[in-house]
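Have a look at the structure below, then the notes.
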Amino acid sequence: RLAVQVEDLTQLIKTYKPDEIVLEDIRSFVKRSAAANQAQAAVDYEIDRLIEKFKLAKYTVFPQTVKKYITGNGKASKEDVLKTVKTLW
């Protein structure tokens, strides 16, 4: 599953050729099991590897910042964020 996600992200980077990437910082808000933390570490490693490979600037923001930027409301639901994204893009 991780390999598929890495390949999908690689294709997005190749297609859109971004200069930077913005990641949502979820670790400070979510308490997880050791297994979930290990899985997240694997994801983080692969993302960092792609960032280095494609020489992207990396920024990390809190979930509320993303929600506020997209919808104007830092406490928006996932459904509201998705609806706004579909409308804008």
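Residue numbers start at 1 in each chain; chains themselves are named A, B, ... in the order of the structure tokens; ligands are numbered from 1 in the order shown.
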
- Task: Within chain A, find each residue whose DSSP state, derived from the backbone, is strand (DSSP E or B), and express the selection as a list of chain:residue names.
- Result: A:Glu20, A:Ile21, A:Val22, A:Leu23, A:Glu24, A:Ala57, A:Lys58, A:Tyr59, A:Thr60, A:Val61

Selected residues, C-alpha atoms, written as a JSON list (two decimals), in the first residue's frame, please.
[["chain", "number", "residue", "atom", "x", "y", "z"],
["A", 20, "GLU", "CA", 7.57, 23.11, -2.67],
["A", 21, "ILE", "CA", 5.41, 20.75, -0.67],
["A", 22, "VAL", "CA", 3.23, 21.47, 2.35],
["A", 23, "LEU", "CA", 2.58, 18.69, 4.86],
["A", 24, "GLU", "CA", 0.00, 18.61, 7.61],
["A", 57, "ALA", "CA", 11.14, 23.02, -0.25],
["A", 58, "LYS", "CA", 9.17, 21.48, 2.65],
["A", 59, "TYR", "CA", 6.74, 23.28, 4.92],
["A", 60, "THR", "CA", 4.73, 21.78, 7.77],
["A", 61, "VAL", "CA", 1.47, 23.29, 8.98]]

- Backbone-only DSSP, alpha helix (DSSP H) members of chain A, as a PyMOL selection string: chain A and resi 2-16+34-53+63-71+78-88

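Considering the residues A:Ile13, A:Ile26, A:Leu88, A:Val81 and counting only C-alpha atoms, A:Ile47 has its shortest atom-to-atom contact with A:Ile13.
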
- Query: Looking at A:Ile51, A:Ala76, A:Thr84, A:Pro63, which one is nearest to A:Asp19, with distances taken over only C-alpha atoms?
  - Reply: A:Ile51

- Find the residues around A:Glu79 up to 12 Å (only C-alpha atoms counted), leave out those fewer than 6 positions away in its own chain, and share them as a ChimeraX atom specification. /A:67,70-71,85-86

- Item | Distance query A:Pro18 at most 10 Å, only C-alpha atoms, self and fewer than 4 positions along chain excluded, as a ChimeraX atom specification | /A:12-14,54-57

- Shortest interatomic distance to A:Lys53 - which of A:Gln5, A:Thr10, A:Ser77, A:Gln40, counting only C-alpha atoms: A:Thr10

- Hey, can you check how far atom CA of A:Phe62 sits from atom CA of A:Thr15? 26.4 Å

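Pairwise distance (atom CA of A:Ala3, atom CA of A:Arg32) equals 22.3 Å.
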
- Atom-to-atom span, atom CA of A:Asp48 and atom CA of A:Gln64, Å: 22.7 Å
